[in-house]
$ cat target_4.json   # JSON, C-alpha atoms and all ligand atoms
[["chain", "number", "residue", "atom", "x", "y", "z"],
["A", 2, "MET", "CA", 31.66, -4.70, 6.43],
["A", 3, "SER", "CA", 27.91, -4.16, 6.73],
["A", 4, "ILE", "CA", 26.50, -4.10, 10.25],
["A", 5, "LEU", "CA", 23.34, -5.82, 8.95],
["A", 6, "ASN", "CA", 23.11, -9.27, 7.43],
["A", 7, "THR", "CA", 20.30, -11.34, 5.94],
["A", 8, "ARG", "CA", 19.71, -13.12, 9.26],
["A", 9, "LYS", "CA", 19.10, -9.83, 11.03],
["A", 10, "ILE", "CA", 16.99, -8.54, 8.13],
["A", 11, "ARG", "CA", 14.81, -11.67, 8.26],
["A", 12, "LYS", "CA", 14.45, -11.18, 12.02],
["A", 13, "SER", "CA", 13.18, -7.64, 11.60],
["A", 14, "LYS", "CA", 10.00, -9.39, 10.49],
["A", 15, "LEU", "CA", 9.34, -10.21, 14.14],
["A", 16, "LYS", "CA", 7.26, -7.15, 14.85],
["A", 17, "ASN", "CA", 8.58, -6.53, 18.35],
["A", 18, "GLU", "CA", 12.21, -6.76, 17.32],
["A", 19, "SER", "CA", 12.61, -3.35, 15.78],
["A", 20, "ARG", "CA", 11.10, -0.45, 13.86],
["A", 21, "PRO", "CA", 10.16, -0.92, 10.19],
["A", 22, "LEU", "CA", 13.05, -1.43, 7.81],
["A", 23, "GLN", "CA", 14.00, 1.72, 5.94],
["A", 24, "MET", "CA", 15.55, 1.50, 2.50],
["A", 25, "LEU", "CA", 16.52, 4.28, 0.09],
["A", 26, "THR", "CA", 18.05, 4.12, -3.33],
["A", 27, "CYS", "CA", 21.50, 5.58, -3.92],
["A", 28, "TYR", "CA", 23.62, 5.84, -7.05],
["A", 29, "ASP", "CA", 26.82, 7.74, -6.23],
["A", 30, "TYR", "CA", 29.81, 7.72, -3.86],
["A", 31, "GLN", "CA", 29.20, 11.04, -2.07],
["A", 32, "THR", "CA", 25.54, 10.35, -1.26],
["A", 33, "ALA", "CA", 26.58, 6.87, -0.13],
["A", 34, "CYS", "CA", 29.12, 8.42, 2.30],
["A", 35, "LEU", "CA", 26.31, 10.59, 3.71],
["A", 36, "LEU", "CA", 23.86, 7.67, 4.05],
["A", 37, "ASN", "CA", 26.59, 5.62, 5.69],
["A", 38, "GLU", "CA", 26.54, 8.14, 8.57],
["A", 39, "THR", "CA", 22.76, 7.77, 9.11],
["A", 40, "ASP", "CA", 20.56, 5.08, 10.70],
["A", 41, "LEU", "CA", 19.27, 3.94, 7.29],
["A", 42, "ASP", "CA", 19.01, 0.12, 7.23],
["A", 43, "LEU", "CA", 19.32, -0.76, 3.56],
["A", 44, "ILE", "CA", 20.63, 0.90, 0.42],
["A", 45, "LEU", "CA", 19.34, -0.11, -3.00],
["A", 46, "VAL", "CA", 21.34, 0.66, -6.11],
["A", 47, "GLY", "CA", 18.22, 0.38, -8.21],
["A", 48, "ASP", "CA", 18.10, 0.19, -11.97],
["A", 49, "SER", "CA", 15.89, 3.28, -11.53],
["A", 50, "LEU", "CA", 19.27, 4.94, -12.12],
["A", 51, "GLY", "CA", 18.29, 4.52, -15.78],
["A", 52, "ASN", "CA", 15.53, 7.09, -15.21],
["A", 53, "VAL", "CA", 16.98, 9.48, -12.65],
["A", 54, "ILE", "CA", 20.70, 9.40, -13.46],
["A", 55, "LEU", "CA", 20.92, 8.45, -17.13],
["A", 56, "GLY", "CA", 17.69, 10.10, -18.33],
["A", 57, "TYR", "CA", 16.22, 7.03, -20.04],
["A", 58, "GLU", "CA", 12.44, 6.68, -20.32],
["A", 59, "ASN", "CA", 12.50, 3.35, -18.51],
["A", 60, "THR", "CA", 14.91, 0.87, -16.94],
["A", 61, "VAL", "CA", 15.18, -1.45, -19.94],
["A", 62, "GLN", "CA", 18.33, 0.19, -21.33],
["A", 63, "VAL", "CA", 20.37, -0.19, -18.14],
["A", 64, "THR", "CA", 23.28, -2.61, -18.62],
["A", 65, "LEU", "CA", 25.29, -4.89, -16.37],
["A", 66, "ASN", "CA", 28.28, -2.55, -16.74],
["A", 67, "ASP", "CA", 26.15, 0.42, -15.65],
["A", 68, "MET", "CA", 25.14, -1.50, -12.53],
["A", 69, "ILE", "CA", 28.74, -2.51, -11.79],
["A", 70, "THR", "CA", 29.91, 1.11, -12.12],
["A", 71, "PHE", "CA", 27.21, 2.65, -9.91],
["A", 72, "ALA", "CA", 26.93, -0.17, -7.35],
["A", 73, "SER", "CA", 30.69, -0.28, -6.73],
["A", 74, "ALA", "CA", 30.77, 3.53, -6.30],
["A", 75, "VAL", "CA", 27.96, 3.30, -3.73],
["A", 76, "LYS", "CA", 29.60, 0.42, -1.87],
["A", 77, "ARG", "CA", 32.90, 2.36, -1.65],
["A", 78, "GLY", "CA", 30.98, 5.13, 0.16],
["A", 79, "ALA", "CA", 28.57, 3.01, 2.21],
["A", 80, "LYS", "CA", 31.08, 0.66, 3.78],
["A", 81, "ASP", "CA", 28.95, -0.12, 6.85],
["A", 82, "LYS", "CA", 25.62, -0.53, 5.09],
["A", 83, "PHE", "CA", 23.84, -3.51, 3.60],
["A", 84, "VAL", "CA", 23.81, -2.60, -0.09],
["A", 85, "ILE", "CA", 21.63, -4.35, -2.66],
["A", 86, "ALA", "CA", 22.12, -3.98, -6.42],
["A", 87, "ASP", "CA", 19.53, -4.63, -9.12],
["A", 88, "LEU", "CA", 20.18, -7.21, -11.78],
["A", 89, "PRO", "CA", 19.29, -5.22, -14.91],
["A", 90, "PHE", "CA", 16.96, -6.23, -17.74],
["A", 91, "GLY", "CA", 18.02, -9.23, -19.80],
["A", 92, "THR", "CA", 20.85, -10.33, -17.52],
["A", 93, "TYR", "CA", 18.81, -13.16, -15.97],
["A", 94, "ALA", "CA", 16.90, -14.36, -19.02],
["A", 95, "THR", "CA", 18.37, -17.87, -18.68],
["A", 96, "MET", "CA", 19.80, -19.79, -15.73],
["A", 97, "GLU", "CA", 23.30, -19.75, -17.26],
["A", 98, "SER", "CA", 23.35, -16.01, -17.93],
["A", 99, "ALA", "CA", 21.80, -15.30, -14.53],
["A", 100, "VAL", "CA", 24.51, -17.18, -12.67],
["A", 101, "GLU", "CA", 27.33, -15.69, -14.74],
["A", 102, "ASN", "CA", 26.03, -12.09, -14.60],
["A", 103, "SER", "CA", 25.11, -12.27, -10.92],
["A", 104, "ILE", "CA", 28.56, -13.49, -9.95],
["A", 105, "GLU", "CA", 30.15, -10.72, -12.03],
["A", 106, "LEU", "CA", 27.97, -7.97, -10.51],
["A", 107, "PHE", "CA", 28.30, -9.34, -6.97],
["A", 108, "GLN", "CA", 32.08, -9.77, -7.16],
["A", 109, "LYS", "CA", 32.94, -6.54, -8.99],
["A", 110, "SER", "CA", 30.63, -4.26, -6.99],
["A", 111, "ASN", "CA", 31.25, -5.88, -3.59],
["A", 112, "VAL", "CA", 27.59, -5.35, -2.55],
["A", 113, "GLU", "CA", 25.87, -7.59, 0.00],
["A", 114, "ALA", "CA", 22.92, -8.78, -2.13],
["A", 115, "LEU", "CA", 21.20, -8.62, -5.50],
["A", 116, "LYS", "CA", 17.56, -7.99, -6.44],
["A", 117, "LEU", "CA", 15.63, -9.35, -9.39],
["A", 118, "GLU", "CA", 12.11, -8.70, -10.68],
["A", 119, "GLY", "CA", 9.46, -11.39, -11.11],
["A", 120, "ALA", "CA", 8.44, -14.75, -9.72],
["A", 121, "THR", "CA", 8.18, -17.19, -12.63],
["A", 122, "GLU", "CA", 9.52, -20.72, -12.27],
["A", 123, "LEU", "CA", 12.77, -19.54, -13.88],
["A", 124, "HIS", "CA", 13.07, -16.68, -11.38],
["A", 125, "THR", "CA", 12.54, -18.91, -8.36],
["A", 126, "SER", "CA", 15.04, -21.46, -9.71],
["A", 127, "ILE", "CA", 17.56, -18.64, -10.21],
["A", 128, "ILE", "CA", 16.99, -17.36, -6.67],
["A", 129, "LYS", "CA", 17.51, -20.87, -5.30],
["A", 130, "ARG", "CA", 20.73, -21.32, -7.28],
["A", 131, "LEU", "CA", 22.14, -17.89, -6.38],
["A", 132, "THR", "CA", 21.32, -18.38, -2.72],
["A", 133, "GLU", "CA", 23.08, -21.75, -2.78],
["A", 134, "THR", "CA", 26.05, -20.01, -4.41],
["A", 135, "GLY", "CA", 26.19, -17.54, -1.51],
["A", 136, "ILE", "CA", 24.49, -14.57, -3.13],
["A", 137, "PRO", "CA", 21.53, -13.30, -1.07],
["A", 138, "VAL", "CA", 18.60, -12.30, -3.28],
["A", 139, "MET", "CA", 15.75, -9.84, -2.71],
["A", 140, "GLY", "CA", 12.56, -10.48, -4.70],
["A", 141, "HIS", "CA", 10.41, -7.82, -6.39],
["A", 142, "ILE", "CA", 6.76, -8.25, -7.43],
["A", 143, "GLY", "CA", 3.75, -6.07, -8.25],
["A", 144, "LEU", "CA", 4.81, -3.37, -10.66],
["A", 145, "THR", "CA", 8.03, -4.68, -12.20],
["A", 146, "PRO", "CA", 9.35, -1.79, -14.36],
["A", 147, "GLN", "CA", 11.63, -4.00, -16.47],
["A", 148, "SER", "CA", 8.43, -5.53, -17.95],
["A", 149, "VAL", "CA", 6.77, -2.17, -18.61],
["A", 150, "HIS", "CA", 6.16, -2.96, -22.28],
["A", 151, "GLN", "CA", 4.50, -6.25, -21.36],
["A", 152, "LEU", "CA", 2.48, -4.72, -18.51],
["A", 153, "GLY", "CA", 1.41, -1.82, -20.71],
["A", 154, "GLY", "CA", 2.31, 0.94, -18.24],
["A", 155, "TYR", "CA", 2.71, 1.83, -14.57],
["A", 156, "TYR", "CA", -0.34, 1.07, -12.39],
["A", 157, "THR", "CA", -1.41, -0.51, -9.11],
["A", 158, "HIS", "CA", -1.41, -4.31, -8.99],
["A", 159, "GLY", "CA", -3.38, -6.73, -6.79],
["A", 160, "LYS", "CA", -6.86, -5.26, -7.06],
["A", 161, "LYS", "CA", -8.72, -8.05, -8.87],
["A", 162, "GLU", "CA", -9.20, -11.42, -7.21],
["A", 163, "GLU", "CA", -7.12, -13.44, -9.67],
["A", 164, "ASP", "CA", -4.36, -10.85, -9.45],
["A", 165, "ILE", "CA", -4.42, -10.99, -5.63],
["A", 166, "ASP", "CA", -4.16, -14.80, -5.65],
["A", 167, "ARG", "CA", -1.31, -14.64, -8.18],
["A", 168, "LEU", "CA", 0.63, -12.11, -6.11],
["A", 169, "ILE", "CA", 0.20, -14.11, -2.90],
["A", 170, "LEU", "CA", 1.41, -17.26, -4.67],
["A", 171, "SER", "CA", 4.36, -15.36, -6.18],
["A", 172, "ALA", "CA", 5.39, -14.02, -2.77],
["A", 173, "LYS", "CA", 5.17, -17.48, -1.19],
["A", 174, "ASN", "CA", 7.19, -19.02, -4.03],
["A", 175, "LEU", "CA", 9.91, -16.37, -3.68],
["A", 176, "GLN", "CA", 10.13, -17.09, 0.03],
["A", 177, "VAL", "CA", 10.40, -20.84, -0.55],
["A", 178, "ALA", "CA", 13.09, -20.22, -3.19],
["A", 179, "GLY", "CA", 15.21, -18.43, -0.57],
["A", 180, "ALA", "CA", 14.61, -14.70, -1.08],
["A", 181, "PHE", "CA", 15.51, -12.88, 2.15],
["A", 182, "ALA", "CA", 12.99, -10.06, 1.58],
["A", 183, "ILE", "CA", 10.53, -8.95, -1.10],
["A", 184, "VAL", "CA", 9.84, -5.53, -2.59],
["A", 185, "LEU", "CA", 6.14, -4.91, -3.23],
["A", 186, "GLU", "CA", 5.91, -2.12, -5.78],
["A", 187, "CYS", "CA", 2.55, -0.42, -6.37],
["A", 188, "VAL", "CA", 0.58, -3.28, -4.85],
["A", 189, "ASP", "CA", -2.92, -2.55, -3.54],
["A", 190, "LYS", "CA", -2.58, -1.78, 0.18],
["A", 191, "GLU", "CA", -4.92, -4.53, 1.38],
["A", 192, "THR", "CA", -3.16, -7.11, -0.78],
["A", 193, "SER", "CA", 0.22, -5.90, 0.57],
["A", 194, "ALA", "CA", -1.05, -6.28, 4.13],
["A", 195, "LYS", "CA", -2.25, -9.80, 3.37],
["A", 196, "ILE", "CA", 1.07, -10.81, 1.78],
["A", 197, "THR", "CA", 2.99, -9.28, 4.70],
["A", 198, "GLU", "CA", 0.95, -11.27, 7.20],
["A", 199, "LEU", "CA", 1.39, -14.53, 5.30],
["A", 200, "LEU", "CA", 5.18, -14.33, 4.88],
["A", 201, "ASP", "CA", 8.00, -15.07, 7.31],
["A", 202, "ILE", "CA", 10.39, -12.81, 5.42],
["A", 203, "PRO", "CA", 10.02, -9.01, 5.40],
["A", 204, "THR", "CA", 8.09, -7.14, 2.73],
["A", 205, "ILE", "CA", 9.38, -3.74, 1.67],
["A", 206, "GLY", "CA", 6.76, -1.54, 0.07],
["A", 207, "ILE", "CA", 6.84, 1.32, -2.39],
["A", 208, "GLY", "CA", 3.46, 2.85, -3.13],
["A", 209, "SER", "CA", 1.92, -0.19, -1.41],
["A", 210, "GLY", "CA", 0.49, 1.25, 1.81],
["A", 211, "LYS", "CA", 1.71, 1.14, 5.39],
["A", 212, "GLU", "CA", 1.01, -2.48, 6.33],
["A", 213, "VAL", "CA", 4.41, -3.75, 5.20],
["A", 214, "ASP", "CA", 7.61, -4.51, 7.12],
["A", 215, "GLY", "CA", 9.63, -1.74, 5.51],
["A", 216, "GLN", "CA", 9.49, 1.09, 3.00],
["A", 217, "VAL", "CA", 11.72, 2.01, 0.08],
["A", 218, "LEU", "CA", 11.84, 5.28, -1.84],
["A", 219, "VAL", "CA", 13.92, 6.62, -4.68],
["A", 220, "ILE", "CA", 16.16, 9.22, -2.98],
["A", 221, "ASN", "CA", 15.83, 11.59, -5.95],
["A", 222, "ASP", "CA", 12.05, 11.62, -5.38],
["A", 223, "LEU", "CA", 12.36, 12.09, -1.61],
["A", 224, "LEU", "CA", 14.65, 15.11, -2.01],
["A", 225, "LYS", "CA", 13.06, 16.22, -5.29],
["A", 226, "LEU", "CA", 16.33, 16.32, -7.12],
["A", 227, "GLY", "CA", 14.76, 16.28, -10.57],
["A", 228, "PRO", "CA", 12.69, 18.70, -12.66],
["A", 229, "THR", "CA", 9.47, 16.62, -12.63],
["A", 230, "MET", "CA", 7.04, 15.86, -9.80],
["A", 231, "PRO", "CA", 7.73, 12.59, -7.94],
["A", 232, "PRO", "CA", 5.04, 9.86, -8.00],
["A", 233, "SER", "CA", 2.00, 10.61, -5.80],
["A", 234, "PHE", "CA", 2.97, 8.10, -3.07],
["A", 235, "CYS", "CA", 6.20, 10.02, -2.34],
["A", 236, "LYS", "CA", 5.93, 13.25, -0.36],
["A", 237, "PRO", "CA", 9.26, 15.03, -0.92],
["A", 238, "ILE", "CA", 10.96, 16.42, 2.22],
["A", 239, "ALA", "CA", 12.75, 19.12, 0.22],
["A", 240, "ASN", "CA", 12.92, 20.67, -3.22],
["A", 241, "LEU", "CA", 16.63, 20.44, -3.91],
["A", 242, "TYR", "CA", 16.13, 20.98, -7.63],
["A", 243, "ASP", "CA", 14.79, 24.51, -7.02],
["A", 244, "GLU", "CA", 17.24, 25.11, -4.13],
["A", 245, "LYS", "CA", 20.28, 24.20, -6.20],
["A", 246, "LYS", "CA", 19.01, 26.19, -9.17],
["A", 247, "LYS", "CA", 18.59, 29.28, -6.96],
["A", 248, "LEU", "CA", 22.10, 28.85, -5.55],
["A", 249, "ILE", "CA", 23.66, 28.51, -9.00],
["A", 250, "GLU", "CA", 21.72, 31.52, -10.29],
["A", 251, "SER", "CA", 22.82, 33.57, -7.29],
["A", 252, "TYR", "CA", 26.44, 32.48, -7.81],
["A", 253, "LEU", "CA", 26.28, 33.42, -11.49],
["A", 254, "THR", "CA", 24.75, 36.82, -10.71],
["A", 255, "ASN", "CA", 27.22, 37.63, -7.94],
["A", 256, "ASN", "CA", 30.13, 36.51, -10.05],
["A", 257, "HIS", "CA", 29.22, 39.11, -12.67],
["A", 258, "GLU", "CA", 29.29, 41.98, -10.16],
["A", 301, "LIG", "O1", 15.07, 0.40, -9.20],
["A", 301, "LIG", "C1", 14.56, 0.78, -8.13],
["A", 301, "LIG", "O2", 14.81, 1.87, -7.62],
["A", 301, "LIG", "C2", 13.62, -0.13, -7.48],
["A", 301, "LIG", "C3", 12.79, 0.43, -6.37],
["A", 301, "LIG", "C4", 11.75, 1.31, -6.89],
["A", 301, "LIG", "C5", 12.24, -0.64, -5.50],
["A", 301, "LIG", "O3", 13.53, -1.26, -7.84]]
$ encode --input "target_4.json" --output "structure tokens" --more "lines below"
Ligand code: KIV
Amino acid sequence: MSILNTRKIRKSKLKNESRPLQMLTCYDYQTACLLNETDLDLILVGDSLGNVILGYENTVQVTLNDMITFASAVKRGAKDKFVIADLPFGTYATMESAVENSIELFQKSNVEALKLEGATELHTSIIKRLTETGIPVMGHIGLTPQSVHQLGGYYTHGKKEEDIDRLILSAKNLQVAGAFAIVLECVDKETSAKITELLDIPTIGIGSGKEVDGQVLVINDLLKLGPTMPPSFCKPIANLYDEKKKLIESYLTNNHE
């Protein structure tokens, strides 16, 4: 049972209550066991697993079954943590499919909450319905990778006035719909600060500056587990790709002696 719940997460918004919320992604049982022994607040089983685990170019190919497999593995390892799983692309295209797929992912993975990208009228209606059903939902605005083909790439959002107004309205609508927190991905830092000040629920930023209530990073970027350089907003604390490669090479050499 998670030691955090949505009530406590909402409260972390009260600046004097606690330090900023810290969230990392996780995709496997053993890393989840490790994170379970740390002070990390929130674990996200992001559909970024499509990129860093499955080697896809984007998150569009990730399926509901992928999410069930990885999220349930993480939850088995992170028993005491508040774990959030992403609803993957296409699984919330209509109210009916959203309810059916969310219940399946929530029940089969045993996570504490789900996250979905966007803030259209359909999205806010879905969040309201899921929340009423007993499924806590985290919102996600700014750069929403599932819409990469529509957005035309990965870039910072909330720089132009109309974009700023749209993001503020989106954040407010998500809050009214019942989202317990909102991820701001690659949102201009001043716009993020403004949204954070205007909301009662916590904002969790990634590449969106420091004036947010929490931060999230992809664990593979933080530890540099992959062969490519992480995005510029993430300063890796290790280079485990090179470390592990050296260890394997040394093992192979010594084994030949
Ligand atoms: O899929 C993911 O890892 C995410 C984070 C980048 C917020 O949505």
$ closest_residue --input "target_4.json" --among "A:Thr32, A:Asn221, A:Asn102, A:Thr132" --to "ligand LIG 301 (chain A)" --atoms "all atoms listed in the file"
A:Asn221
$ residues_near_ligand --input "target_4.json" --ligand "ligand LIG 301 (chain A)" --cutoff "8 Å" --atoms "all atoms listed in the file" --output "PDB file with C-alpha atoms, in the frame of the given file"
ATOM      1  CA  THR A  26      18.050   4.120  -3.330  1.00  0.00           C
ATOM      2  CA  LEU A  45      19.340  -0.110  -3.000  1.00  0.00           C
ATOM      3  CA  VAL A  46      21.340   0.660  -6.110  1.00  0.00           C
ATOM      4  CA  GLY A  47      18.220   0.380  -8.210  1.00  0.00           C
ATOM      5  CA  ASP A  48      18.100   0.190 -11.970  1.00  0.00           C
ATOM      6  CA  SER A  49      15.890   3.280 -11.530  1.00  0.00           C
ATOM      7  CA  LEU A  50      19.270   4.940 -12.120  1.00  0.00           C
ATOM      8  CA  THR A  60      14.910   0.870 -16.940  1.00  0.00           C
ATOM      9  CA  ASP A  87      19.530  -4.630  -9.120  1.00  0.00           C
ATOM     10  CA  LYS A 116      17.560  -7.990  -6.440  1.00  0.00           C
ATOM     11  CA  HIS A 141      10.410  -7.820  -6.390  1.00  0.00           C
ATOM     12  CA  THR A 145       8.030  -4.680 -12.200  1.00  0.00           C
ATOM     13  CA  PRO A 146       9.350  -1.790 -14.360  1.00  0.00           C
ATOM     14  CA  VAL A 184       9.840  -5.530  -2.590  1.00  0.00           C
ATOM     15  CA  LEU A 185       6.140  -4.910  -3.230  1.00  0.00           C
ATOM     16  CA  GLU A 186       5.910  -2.120  -5.780  1.00  0.00           C
ATOM     17  CA  GLY A 206       6.760  -1.540   0.070  1.00  0.00           C
ATOM     18  CA  ILE A 207       6.840   1.320  -2.390  1.00  0.00           C
ATOM     19  CA  VAL A 217      11.720   2.010   0.080  1.00  0.00           C
ATOM     20  CA  LEU A 218      11.840   5.280  -1.840  1.00  0.00           C
ATOM     21  CA  VAL A 219      13.920   6.620  -4.680  1.00  0.00           C
TER      22      VAL A 219
END
$ closest_residue --input "target_4.json" --among "A:Ser171, A:Thr39, A:Thr157, A:Gln147" --to "Asn52 in chain A" --atoms "all atoms listed in the file"
A:Gln147
$ closest_residue --input "target_4.json" --among "A:Pro203, A:Gly159, A:Gly227, A:Gly154" --to "Gln176 in chain A" --atoms "all atoms listed in the file"
A:Pro203
$ residues_around --input "target_4.json" --residues "Cys27 in chain A" --least-positions-apart "3" --cutoff "12 Å" --atoms "all atoms listed in the file" --output "JSON list (two decimals) with C-alpha atoms, in the coordinates of the input"
[["chain", "number", "residue", "atom", "x", "y", "z"],
["A", 24, "MET", "CA", 15.55, 1.50, 2.50],
["A", 30, "TYR", "CA", 29.81, 7.72, -3.86],
["A", 31, "GLN", "CA", 29.20, 11.04, -2.07],
["A", 32, "THR", "CA", 25.54, 10.35, -1.26],
["A", 33, "ALA", "CA", 26.58, 6.87, -0.13],
["A", 34, "CYS", "CA", 29.12, 8.42, 2.30],
["A", 35, "LEU", "CA", 26.31, 10.59, 3.71],
["A", 36, "LEU", "CA", 23.86, 7.67, 4.05],
["A", 37, "ASN", "CA", 26.59, 5.62, 5.69],
["A", 41, "LEU", "CA", 19.27, 3.94, 7.29],
["A", 43, "LEU", "CA", 19.32, -0.76, 3.56],
["A", 44, "ILE", "CA", 20.63, 0.90, 0.42],
["A", 45, "LEU", "CA", 19.34, -0.11, -3.00],
["A", 46, "VAL", "CA", 21.34, 0.66, -6.11],
["A", 47, "GLY", "CA", 18.22, 0.38, -8.21],
["A", 48, "ASP", "CA", 18.10, 0.19, -11.97],
["A", 49, "SER", "CA", 15.89, 3.28, -11.53],
["A", 50, "LEU", "CA", 19.27, 4.94, -12.12],
["A", 53, "VAL", "CA", 16.98, 9.48, -12.65],
["A", 54, "ILE", "CA", 20.70, 9.40, -13.46],
["A", 68, "MET", "CA", 25.14, -1.50, -12.53],
["A", 71, "PHE", "CA", 27.21, 2.65, -9.91],
["A", 72, "ALA", "CA", 26.93, -0.17, -7.35],
["A", 73, "SER", "CA", 30.69, -0.28, -6.73],
["A", 74, "ALA", "CA", 30.77, 3.53, -6.30],
["A", 75, "VAL", "CA", 27.96, 3.30, -3.73],
["A", 76, "LYS", "CA", 29.60, 0.42, -1.87],
["A", 78, "GLY", "CA", 30.98, 5.13, 0.16],
["A", 79, "ALA", "CA", 28.57, 3.01, 2.21],
["A", 82, "LYS", "CA", 25.62, -0.53, 5.09],
["A", 84, "VAL", "CA", 23.81, -2.60, -0.09],
["A", 85, "ILE", "CA", 21.63, -4.35, -2.66],
["A", 86, "ALA", "CA", 22.12, -3.98, -6.42],
["A", 87, "ASP", "CA", 19.53, -4.63, -9.12],
["A", 217, "VAL", "CA", 11.72, 2.01, 0.08],
["A", 218, "LEU", "CA", 11.84, 5.28, -1.84],
["A", 219, "VAL", "CA", 13.92, 6.62, -4.68],
["A", 220, "ILE", "CA", 16.16, 9.22, -2.98],
["A", 221, "ASN", "CA", 15.83, 11.59, -5.95],
["A", 222, "ASP", "CA", 12.05, 11.62, -5.38],
["A", 223, "LEU", "CA", 12.36, 12.09, -1.61],
["A", 224, "LEU", "CA", 14.65, 15.11, -2.01]]
$ closest_residue --input "target_4.json" --among "A:Gly140, A:Gly215, A:Ser251, A:Lys195" --to "Asp166 in chain A" --atoms "only C-alpha atoms"
A:Lys195
$ axis_aligned_box --input "target_4.json" --around "range 194-213 of chain A" --padding-each-side "8 Å" --output "JSON"
{"center_x": 4.1, "center_y": -6.1, "center_z": 2.1, "size_x": 28.6, "size_y": 33.9, "size_z": 26.4}
$ atom_distance --input "target_4.json" --atom1 "CA of Pro89 in chain A" --atom2 "CA of Ala172 in chain A"
20.4 Å
